[in-house]
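Working notes, structure below.
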Amino acid sequence: MGTRTPVGAQPEHALVPPRPARVTAAETPRTTLASPILVGATIVAVLYFGREIFIPIAIALLLSFVLTPLVNRLRRLRLPRLMAVGVSVLLTLGIVGAMATLIGIQAADLAGDIPRYRATIERKIEGLRASPVGHVTDYIANIGRALHNGGKEPGQDQAKEPAKEPAKEPQQAAPQAPEAAPGLDPARPGPKPVLVEVSSTQPGPLETLGTLLSPVLQPLATVGIVFVVLLFVLMQREDLRDRMIRLAGSSDLHRTTGAIDDAAGRLSRYFVVQLALNTAFGVVIGIGLYFIGVPNPVLWAIFAALMRFVPYLGAFLSALLPITLAAAVDPGWNMMIAVAILFLILEPLTGQVFEPIFYGQSTGLSPFAVLVSALFWTWLWGPVGLLLSTPLTVCLVVLGRHVEHLEFLDVLFGDRPALTPVQNFYQRILAGDSEEVLGHAELILQQCSLSSYYDEVVLKALELAARDAARGVLTAQQKGAMRTALGELIADLSDRSDASTEAAGENGDNACSPMPIGPAPDALPQAWTRQGAVLCISGRGFLDEAAAMILAQILEKRGIGVRTVPFSDASTARIGRFEPGPARMACVVSLALNGEPTHLRRLVRRLQDRMPGVPVLLGLWLAQNGQSDKVARAKDGATAATDQVASLREAIEAVLAAVQADIAAVPETGAAARRPEPADA
């Protein structure tokens with residue numbers, strides 16, 4: 001029998017505490033990602049299989065954005081809503097009907113002249129074959145046939161083969177007379193064959209009407225659905241807006257209402273301006289084709305206006321058919337060249353000049369988003385989806401900018417940068433890509449001064465790096481790559497003048513806030529222009545040396561003599577051998593996250609003991625956003641430093657204030673003190 005454990009006692013293995021697991025157990029995959037994917041797939045499937053219903057609804061919603069300004073204007077004229085909406089919808093229906101009638105008449109007229117145009121095209125092709133271009137084409141075709149035949153001349157194989165006698169065709173047997181049936185006399189003629197004629201019943205009036213209307217029933221039904229939905233959308237506009245607000249979130253009604261109204265207003269203005277520009281483009285194209293002599297200019301004007309709604313392919317398609325028709329009409333080539341020149345002038349002029357003037361640089365979509373949306377909506381809804389791709393995607397992006405739950409649409413398809421300049425810079429130095437860092441700097445420096453770029457982009461990116469280093473997520477290799485990239489960037493920007501000291505900075509044209517300018521270099525006292533007049537001493541952080549180099553570079557561009565000092569040169573073991581030289585001021589720079597570290601306080605005291613009478617400025621450039629109380633206590637005497645600043649801007653202001661104080665105290669130390677005396681003195 002086994003031994004029994006006494007009550008209250010523990011087994012022997014329970015006396016040893018279990019060792020903590022070094023590897024955490026794998027978490028069970030959550031279903032948070034599956035839900036959005038499932039919802040997205042369901043929405044796409046519903047849009048695809050229900051496209052017969054959703055296409056008219058989408059067209060009606062887009063038309064509602066176009067007609068809303070007209071309805072509002074009619075409402076200001078004291079018309080009832082029903083009458084204002086009815087007038088707008090009837091006017092739109094009349095315009096659509098007139099355009100459809102014009103297209104039908106013009107297309108029928110064009111179809112009647114196709115045989116004549118075909119003859120002209122055939123004559124031009126024969127003329128091309130007789131020209132040098134035709135000879136070159138034939139030569140290329142012969143090369144292609146030779147390659148296809150394995151390098152053998154045509155007919156070479158047939159010449160080598162022995163001639164074969166043509167096969168004799170079997171002689172057709174003479175038709176034999178049918179044998180006489182038993183009991184019948186062959187001499188007596190048989191019964192004559194009966195001719196059977198199958199005649200179809202003439203269709204009735206209803207069948208004829210159905211046959212004639214069947215090709216147009218579906219378009220008419222689509223148009224009817226569009227205008228019925230449009231009527232209800234315009235009548236129930238406020239109710240639909242309230243429901244959209246309820247879906248977007250009713251916790252902050254003021255903000256959500258403003259966002260929805262702003263999105264609707266922006267979309268209305270965009271679609272109205274786009275419709276007006278495309279209509280004007282079509283009118284100008286039609287007038288130009290009329291004077292050139294191209295047949296059916298009204299048809300091509302409407303076609304060009306509609307094709308401008310299609311991204312990428314629209315401009316090409318709108319020009320292709322008129323150019324082809326011009327080549328078929330004119331026996332020469334002058335008409336075709338004139339039509340090509342007309343489109344080559346008007347299309348870039350409209351897209352690159354008038355569109356940016358009237359509704360900004362772009363549609364708010366990235367070029368990749370325009371291409372992807374065109375492919376997606378074409379796959380989903382066919383040619384109609386291609387026409388609606390850009391307007392529908394613009395609607396989604398505008399909603400994504402104003403509705404929090406749809407923000408991912410703006411991130412995916414919008415043309416705004418996905419990362420801020422600070423995040424972009426940090427990502428590049430984290431990868432250690434010096435070329436990308438310099439390219440990023442060149443782009444920003446086109447609109448920003450060098451000192452402002454350092455203060456508002458570089459140092460804020462270094463703050464992100466310092467926070468990651470404090471959390472222990474940066475490896476030694478990444479820290480080394482950052483130091484290398486920063487050193488190369490500062491060296492590359494050393495020959496660039498600071499725009500804040502020039503006219504651009506004085507006029508306030510920079511995108512960043514301008515930095516303090518200070519006195520002109522010629523007005524500086526000689527004591528402040530000597531090398532080492534300002535000592536930029538770095539802390540012991542892995543980014544402090546780069547921060548000190550930035551401060552030294554900016555001060556040097558203002559004519560002040562500087563010298564950078566690493567932390568090791570002012571350490572406790574080497575402070576006795578430290579030579580301050582002609583120092584007028586010392587700046588200790590550190591990217592400190594937690595106020596004033598102890599080692600910086602000891603460093604300031606060592607410098608004060610080594611350089612008595614020289615002011616020491618402590619720059620804790622990240623001692624902000626919650627650290628202002630510590631900075632205030634430090635300025636009240638908690639540190640031995642003469643002054644303490646929390647940014648590059650404040651450090652430059654402190655140094656320039658010290659220079660101005662010396663100029664005010666002894667004016668002769670400025671330009672007058674350095675003016676050469678007369679030779680006879």
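Scheme for the structure tokens: letters A, B, ... for chains in order shown; per-chain residue numbers from 1; ligand numbers from 1 in order shown.
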query: Quick one: DSSP strand (DSSP E or B) residues in range 456-587 of chain A, as a PyMOL selection string?
result: chain A and resi 534-538+562-565+585-587
- request: Taking the chain letters and numbering used in this document, name the residues of range 397-535 of chain A that DSSP puts in alpha helix (DSSP H), as a PyMOL selection string.
  value: chain A and resi 397-402+407-413+421-431+434-445+450-453+459-471+476-492+503-506+526-529
Please build the interface table for range 416-467 of chain A against range 545-564 of chain A with a cut-off of 10 Å, listing for each qualifying residue the nearest atom pair and the distance in Å to one decimal; count only C-alpha atoms, order rows by chain and increasing number, and write it as JSON lines.
{"residue": "A:Leu450", "atom": "CA", "partner": "A:Ile554", "partner_atom": "CA", "distance": 8.2}
{"residue": "A:Ser451", "atom": "CA", "partner": "A:Ile554", "partner_atom": "CA", "distance": 6.4}
{"residue": "A:Tyr454", "atom": "CA", "partner": "A:Ile550", "partner_atom": "CA", "distance": 7.4}
{"residue": "A:Asp455", "atom": "CA", "partner": "A:Ile550", "partner_atom": "CA", "distance": 9.4}
{"residue": "A:Val458", "atom": "CA", "partner": "A:Ala547", "partner_atom": "CA", "distance": 9.3}
{"residue": "A:Leu459", "atom": "CA", "partner": "A:Ala547", "partner_atom": "CA", "distance": 7.6}
{"residue": "A:Leu462", "atom": "CA", "partner": "A:Ala547", "partner_atom": "CA", "distance": 8.7}
Keeping only all heavy atoms, take the residues you just selected and write them out as a compact mmCIF listing (two decimals), in the first residue's frame.
# COMPACT_ATOMS: atom_id res chain seq x y z
N LEU A 450 17.67 77.02 -42.00
CA LEU A 450 18.46 75.94 -41.43
C LEU A 450 18.27 75.83 -39.92
O LEU A 450 18.09 74.73 -39.38
CB LEU A 450 19.94 76.16 -41.78
CG LEU A 450 20.92 75.11 -41.24
CD1 LEU A 450 20.61 73.74 -41.82
CD2 LEU A 450 22.36 75.52 -41.56
N SER A 451 18.31 76.97 -39.23
CA SER A 451 18.15 76.93 -37.77
C SER A 451 16.76 76.45 -37.38
O SER A 451 16.60 75.68 -36.42
CB SER A 451 18.42 78.31 -37.19
OG SER A 451 17.62 79.29 -37.82
N TYR A 454 16.65 72.68 -37.84
CA TYR A 454 17.27 72.00 -36.71
C TYR A 454 16.35 72.00 -35.49
O TYR A 454 16.20 70.98 -34.80
CB TYR A 454 18.59 72.68 -36.35
CG TYR A 454 19.76 72.26 -37.21
CD1 TYR A 454 20.71 73.21 -37.63
CD2 TYR A 454 19.96 70.96 -37.59
CE1 TYR A 454 21.78 72.85 -38.42
CE2 TYR A 454 21.03 70.59 -38.37
CZ TYR A 454 21.95 71.53 -38.78
OH TYR A 454 23.02 71.16 -39.56
N ASP A 455 15.71 73.14 -35.23
CA ASP A 455 14.94 73.29 -34.00
C ASP A 455 13.62 72.53 -34.06
O ASP A 455 13.21 71.92 -33.07
CB ASP A 455 14.68 74.77 -33.73
CG ASP A 455 14.07 75.02 -32.37
OD1 ASP A 455 14.52 74.41 -31.39
OD2 ASP A 455 13.12 75.83 -32.28
N VAL A 458 14.87 68.30 -36.53
CA VAL A 458 15.96 67.42 -36.11
C VAL A 458 15.91 67.17 -34.61
O VAL A 458 15.95 66.01 -34.15
CB VAL A 458 17.32 68.03 -36.52
CG1 VAL A 458 18.45 67.17 -36.01
CG2 VAL A 458 17.39 68.16 -38.04
N LEU A 459 15.80 68.23 -33.81
CA LEU A 459 15.84 68.04 -32.36
C LEU A 459 14.60 67.33 -31.85
O LEU A 459 14.67 66.57 -30.87
CB LEU A 459 16.02 69.39 -31.67
CG LEU A 459 17.39 70.04 -31.91
CD1 LEU A 459 17.47 71.40 -31.25
CD2 LEU A 459 18.50 69.14 -31.39
N LEU A 462 15.30 63.82 -32.51
CA LEU A 462 16.24 63.30 -31.51
C LEU A 462 15.55 63.06 -30.17
O LEU A 462 15.97 62.19 -29.40
CB LEU A 462 17.40 64.29 -31.33
CG LEU A 462 18.28 64.52 -32.57
CD1 LEU A 462 19.47 65.40 -32.21
CD2 LEU A 462 18.76 63.20 -33.15
- prompt: Contacts of Leu430 in chain A at 12 Å or less, counting only C-alpha atoms, minus same-chain residues fewer than 2 places along, as a PyMOL selection string?
  reply: chain A and resi 423-428+432-434+436-437+461-462+464-466+468-469+473-486
Could you save the residues just selected, with N, CA and C atoms, as a CSV table (one decimal), in the first residue's frame?
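result10.csv, freshly written:
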chain,number,residue,atom,x,y,z
A,423,GLN,N,8.7,62.4,-37.8
A,423,GLN,CA,8.8,61.0,-37.9
A,423,GLN,C,9.5,60.5,-39.1
A,424,ASN,N,9.4,61.2,-40.2
A,424,ASN,CA,10.2,60.8,-41.4
A,424,ASN,C,11.7,60.9,-41.1
A,425,PHE,N,12.1,61.9,-40.5
A,425,PHE,CA,13.6,62.1,-40.2
A,425,PHE,C,14.0,61.0,-39.2
A,426,TYR,N,13.3,60.7,-38.2
A,426,TYR,CA,13.7,59.7,-37.2
A,426,TYR,C,13.7,58.3,-37.9
A,427,GLN,N,12.8,58.0,-38.8
A,427,GLN,CA,12.8,56.7,-39.4
A,427,GLN,C,14.1,56.6,-40.3
A,428,ARG,N,14.5,57.7,-40.9
A,428,ARG,CA,15.7,57.6,-41.8
A,428,ARG,C,17.0,57.5,-41.0
A,432,GLY,N,19.9,54.6,-40.6
A,432,GLY,CA,21.3,54.9,-40.9
A,432,GLY,C,21.5,55.3,-42.3
A,433,ASP,N,20.4,55.7,-43.0
A,433,ASP,CA,20.5,56.0,-44.5
A,433,ASP,C,20.9,57.5,-44.6
A,434,SER,N,22.2,57.8,-44.8
A,434,SER,CA,22.6,59.2,-44.8
A,434,SER,C,22.1,59.9,-46.1
A,436,GLU,N,19.2,59.4,-47.7
A,436,GLU,CA,17.8,59.7,-47.5
A,436,GLU,C,17.7,60.9,-46.5
A,437,VAL,N,18.5,60.9,-45.5
A,437,VAL,CA,18.4,62.0,-44.5
A,437,VAL,C,18.7,63.3,-45.1
A,461,ALA,N,13.1,65.0,-33.6
A,461,ALA,CA,13.3,63.6,-33.9
A,461,ALA,C,14.3,63.0,-32.9
A,462,LEU,N,15.3,63.8,-32.5
A,462,LEU,CA,16.2,63.3,-31.5
A,462,LEU,C,15.6,63.1,-30.2
A,464,LEU,N,12.5,61.8,-29.9
A,464,LEU,CA,12.0,60.5,-30.1
A,464,LEU,C,13.0,59.4,-29.9
A,465,ALA,N,14.2,59.7,-30.4
A,465,ALA,CA,15.3,58.7,-30.3
A,465,ALA,C,15.7,58.6,-28.8
A,466,ALA,N,15.8,59.7,-28.1
A,466,ALA,CA,16.2,59.7,-26.7
A,466,ALA,C,15.1,58.9,-25.8
A,468,ASP,N,13.2,56.5,-27.0
A,468,ASP,CA,13.4,55.0,-27.2
A,468,ASP,C,14.6,54.5,-26.5
A,469,ALA,N,15.7,55.3,-26.5
A,469,ALA,CA,16.9,54.8,-25.8
A,469,ALA,C,16.6,54.7,-24.3
A,473,VAL,N,15.0,50.2,-26.1
A,473,VAL,CA,14.6,49.5,-27.3
A,473,VAL,C,15.6,49.7,-28.5
A,474,LEU,N,16.6,50.5,-28.3
A,474,LEU,CA,17.6,50.8,-29.3
A,474,LEU,C,18.8,50.0,-29.0
A,475,THR,N,19.3,49.3,-30.1
A,475,THR,CA,20.5,48.5,-29.9
A,475,THR,C,21.8,49.4,-30.1
A,476,ALA,N,22.9,48.9,-29.7
A,476,ALA,CA,24.2,49.6,-29.9
A,476,ALA,C,24.4,49.9,-31.4
A,477,GLN,N,24.1,49.0,-32.3
A,477,GLN,CA,24.3,49.2,-33.7
A,477,GLN,C,23.4,50.4,-34.2
A,478,GLN,N,22.2,50.4,-33.7
A,478,GLN,CA,21.3,51.5,-34.1
A,478,GLN,C,21.8,52.9,-33.6
A,479,LYS,N,22.3,52.9,-32.4
A,479,LYS,CA,22.8,54.1,-31.9
A,479,LYS,C,24.0,54.6,-32.7
A,480,GLY,N,24.9,53.7,-33.0
A,480,GLY,CA,26.0,54.1,-33.8
A,480,GLY,C,25.6,54.6,-35.2
A,481,ALA,N,24.6,53.9,-35.8
A,481,ALA,CA,24.1,54.4,-37.1
A,481,ALA,C,23.5,55.8,-37.0
A,482,MET,N,22.8,56.1,-35.9
A,482,MET,CA,22.3,57.4,-35.8
A,482,MET,C,23.4,58.5,-35.6
A,483,ARG,N,24.4,58.2,-34.8
A,483,ARG,CA,25.5,59.1,-34.7
A,483,ARG,C,26.2,59.4,-36.0
A,484,THR,N,26.4,58.3,-36.8
A,484,THR,CA,27.0,58.5,-38.1
A,484,THR,C,26.2,59.3,-39.0
A,485,ALA,N,24.9,59.0,-39.1
A,485,ALA,CA,24.0,59.8,-40.0
A,485,ALA,C,23.9,61.2,-39.6
A,486,LEU,N,23.8,61.5,-38.3
A,486,LEU,CA,23.7,62.9,-37.8
A,486,LEU,C,25.0,63.7,-38.1
Polymer residues at most 12 Å from Asn72 in chain A, only C-alpha atoms, same-chain spacing of 3 or more positions, as a compact mmCIF listing (two decimals) with all heavy atoms, in the first residue's frame:
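around13.txt written:
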# COMPACT_ATOMS: atom_id res chain seq x y z
N SER A 64 -26.53 64.57 -56.48
CA SER A 64 -27.06 65.39 -55.39
C SER A 64 -26.03 66.41 -54.92
O SER A 64 -26.39 67.54 -54.58
CB SER A 64 -27.48 64.49 -54.23
OG SER A 64 -26.36 63.88 -53.60
N PHE A 65 -24.74 66.03 -54.91
CA PHE A 65 -23.70 67.01 -54.56
C PHE A 65 -23.63 68.13 -55.59
O PHE A 65 -23.35 69.28 -55.24
CB PHE A 65 -22.35 66.32 -54.46
CG PHE A 65 -22.19 65.48 -53.23
CD1 PHE A 65 -22.06 64.11 -53.33
CD2 PHE A 65 -22.18 66.05 -51.97
CE1 PHE A 65 -21.92 63.32 -52.21
CE2 PHE A 65 -22.03 65.27 -50.83
CZ PHE A 65 -21.91 63.90 -50.96
N VAL A 66 -23.90 67.81 -56.86
CA VAL A 66 -23.85 68.84 -57.90
C VAL A 66 -25.07 69.76 -57.82
O VAL A 66 -24.96 70.98 -58.02
CB VAL A 66 -23.75 68.17 -59.29
CG1 VAL A 66 -23.79 69.20 -60.39
CG2 VAL A 66 -22.48 67.34 -59.38
N LEU A 67 -26.24 69.19 -57.52
CA LEU A 67 -27.47 69.97 -57.52
C LEU A 67 -27.76 70.67 -56.20
O LEU A 67 -28.65 71.53 -56.15
CB LEU A 67 -28.66 69.06 -57.88
CG LEU A 67 -28.66 68.47 -59.28
CD1 LEU A 67 -29.90 67.63 -59.51
CD2 LEU A 67 -28.57 69.56 -60.33
N THR A 68 -27.06 70.31 -55.13
CA THR A 68 -27.33 70.96 -53.84
C THR A 68 -27.14 72.47 -53.89
O THR A 68 -27.98 73.22 -53.35
CB THR A 68 -26.45 70.32 -52.75
OG1 THR A 68 -26.83 68.95 -52.59
CG2 THR A 68 -26.62 71.03 -51.42
N PRO A 69 -26.06 73.01 -54.49
CA PRO A 69 -25.96 74.48 -54.57
C PRO A 69 -27.12 75.12 -55.32
O PRO A 69 -27.60 76.19 -54.93
CB PRO A 69 -24.62 74.71 -55.29
CG PRO A 69 -23.83 73.48 -55.03
CD PRO A 69 -24.83 72.38 -55.01
N ARG A 75 -33.92 77.94 -52.95
CA ARG A 75 -34.57 78.10 -51.64
C ARG A 75 -34.42 79.53 -51.12
O ARG A 75 -35.31 80.04 -50.44
CB ARG A 75 -33.94 77.12 -50.65
CG ARG A 75 -34.29 75.67 -50.90
CD ARG A 75 -35.65 75.32 -50.36
NE ARG A 75 -35.64 75.35 -48.91
CZ ARG A 75 -36.74 75.40 -48.16
NH1 ARG A 75 -37.92 75.43 -48.74
NH2 ARG A 75 -36.65 75.42 -46.83
N ARG A 76 -33.30 80.18 -51.45
CA ARG A 76 -33.13 81.57 -51.03
C ARG A 76 -34.09 82.50 -51.76
O ARG A 76 -34.33 83.62 -51.29
CB ARG A 76 -31.68 82.02 -51.28
CG ARG A 76 -30.65 81.29 -50.45
CD ARG A 76 -29.29 81.96 -50.54
NE ARG A 76 -28.25 81.11 -49.99
CZ ARG A 76 -27.44 80.36 -50.72
NH1 ARG A 76 -27.56 80.37 -52.04
NH2 ARG A 76 -26.52 79.61 -50.14
N LEU A 77 -34.61 82.06 -52.90
CA LEU A 77 -35.60 82.84 -53.64
C LEU A 77 -37.02 82.59 -53.13
O LEU A 77 -37.99 82.91 -53.84
CB LEU A 77 -35.52 82.52 -55.13
CG LEU A 77 -34.18 82.83 -55.82
CD1 LEU A 77 -34.21 82.40 -57.27
CD2 LEU A 77 -33.86 84.32 -55.71
N ARG A 78 -37.17 82.02 -51.94
CA ARG A 78 -38.46 81.79 -51.28
C ARG A 78 -39.28 80.71 -51.96
O ARG A 78 -40.50 80.64 -51.76
CB ARG A 78 -39.28 83.08 -51.23
CG ARG A 78 -38.56 84.27 -50.63
CD ARG A 78 -38.43 84.14 -49.16
NE ARG A 78 -37.77 85.31 -48.55
CZ ARG A 78 -37.71 85.52 -47.25
NH1 ARG A 78 -38.26 84.66 -46.43
NH2 ARG A 78 -37.09 86.59 -46.77
N LEU A 79 -38.64 79.85 -52.74
CA LEU A 79 -39.37 78.73 -53.32
C LEU A 79 -39.49 77.61 -52.30
O LEU A 79 -38.56 77.35 -51.53
CB LEU A 79 -38.66 78.21 -54.57
CG LEU A 79 -38.70 79.10 -55.82
CD1 LEU A 79 -37.93 78.44 -56.94
CD2 LEU A 79 -40.12 79.39 -56.24
N PRO A 80 -40.62 76.89 -52.25
CA PRO A 80 -40.72 75.74 -51.36
C PRO A 80 -39.72 74.66 -51.75
O PRO A 80 -39.25 74.59 -52.89
CB PRO A 80 -42.17 75.26 -51.56
CG PRO A 80 -42.89 76.42 -52.15
CD PRO A 80 -41.88 77.18 -52.95
N ARG A 81 -39.40 73.81 -50.78
CA ARG A 81 -38.40 72.78 -51.04
C ARG A 81 -38.84 71.86 -52.17
O ARG A 81 -38.03 71.49 -53.03
CB ARG A 81 -38.13 71.98 -49.77
CG ARG A 81 -37.21 70.77 -50.00
CD ARG A 81 -36.83 70.09 -48.72
NE ARG A 81 -35.95 70.95 -47.95
CZ ARG A 81 -34.63 71.00 -48.11
NH1 ARG A 81 -34.05 70.24 -49.04
NH2 ARG A 81 -33.89 71.77 -47.38
N LEU A 82 -40.09 71.46 -52.16
CA LEU A 82 -40.56 70.55 -53.21
C LEU A 82 -40.41 71.18 -54.59
O LEU A 82 -39.96 70.53 -55.54
CB LEU A 82 -42.02 70.17 -52.94
CG LEU A 82 -42.66 69.23 -53.96
CD1 LEU A 82 -41.89 67.91 -54.02
CD2 LEU A 82 -44.12 68.97 -53.62
N MET A 83 -40.75 72.47 -54.71
CA MET A 83 -40.64 73.13 -56.01
C MET A 83 -39.18 73.31 -56.40
O MET A 83 -38.81 73.12 -57.58
CB MET A 83 -41.36 74.48 -55.97
CG MET A 83 -41.40 75.20 -57.31
SD MET A 83 -42.37 76.72 -57.23
CE MET A 83 -43.99 76.03 -56.87
N ALA A 84 -38.32 73.67 -55.44
CA ALA A 84 -36.90 73.86 -55.76
C ALA A 84 -36.27 72.56 -56.21
O ALA A 84 -35.53 72.51 -57.21
CB ALA A 84 -36.17 74.42 -54.54
N VAL A 85 -36.59 71.48 -55.50
CA VAL A 85 -36.03 70.17 -55.89
C VAL A 85 -36.60 69.74 -57.23
O VAL A 85 -35.88 69.22 -58.09
CB VAL A 85 -36.33 69.13 -54.79
CG1 VAL A 85 -35.96 67.73 -55.26
CG2 VAL A 85 -35.57 69.47 -53.52
N VAL A 87 -37.73 71.61 -59.74
CA VAL A 87 -37.13 72.39 -60.83
C VAL A 87 -35.71 71.91 -61.13
O VAL A 87 -35.32 71.76 -62.30
CB VAL A 87 -37.15 73.89 -60.47
CG1 VAL A 87 -36.31 74.69 -61.47
CG2 VAL A 87 -38.57 74.42 -60.44
N SER A 88 -34.94 71.65 -60.09
CA SER A 88 -33.56 71.19 -60.29
C SER A 88 -33.51 69.84 -60.98
O SER A 88 -32.73 69.63 -61.93
CB SER A 88 -32.84 71.13 -58.95
OG SER A 88 -32.85 72.37 -58.29
N LEU A 234 -32.47 64.70 -52.30
CA LEU A 234 -32.57 66.16 -52.17
C LEU A 234 -33.70 66.57 -51.23
O LEU A 234 -33.58 67.58 -50.52
CB LEU A 234 -32.77 66.79 -53.54
CG LEU A 234 -31.58 66.67 -54.52
CD1 LEU A 234 -31.95 67.26 -55.87
CD2 LEU A 234 -30.35 67.37 -53.95
N MET A 235 -34.78 65.81 -51.20
CA MET A 235 -35.88 66.15 -50.31
C MET A 235 -35.54 65.83 -48.86
O MET A 235 -35.94 66.55 -47.94
CB MET A 235 -37.14 65.38 -50.74
CG MET A 235 -37.76 65.87 -52.03
SD MET A 235 -38.47 67.53 -51.87
CE MET A 235 -39.71 67.25 -50.63
N ARG A 237 -32.48 65.65 -47.38
CA ARG A 237 -31.05 65.91 -47.18
C ARG A 237 -30.70 66.05 -45.71
O ARG A 237 -29.73 65.46 -45.23
CB ARG A 237 -30.66 67.18 -47.95
CG ARG A 237 -29.19 67.56 -47.83
CD ARG A 237 -28.86 68.71 -48.76
NE ARG A 237 -27.50 69.15 -48.56
CZ ARG A 237 -27.14 70.11 -47.71
NH1 ARG A 237 -28.08 70.73 -46.99
NH2 ARG A 237 -25.88 70.47 -47.57
N GLY A 265 -19.96 70.27 -48.16
CA GLY A 265 -19.67 71.50 -48.90
C GLY A 265 -18.46 71.36 -49.80
O GLY A 265 -18.47 71.82 -50.95
N SER A 268 -19.42 69.20 -52.80
CA SER A 268 -20.27 69.93 -53.73
C SER A 268 -19.46 70.90 -54.58
O SER A 268 -19.60 70.96 -55.81
CB SER A 268 -21.36 70.67 -52.96
OG SER A 268 -22.23 69.77 -52.32
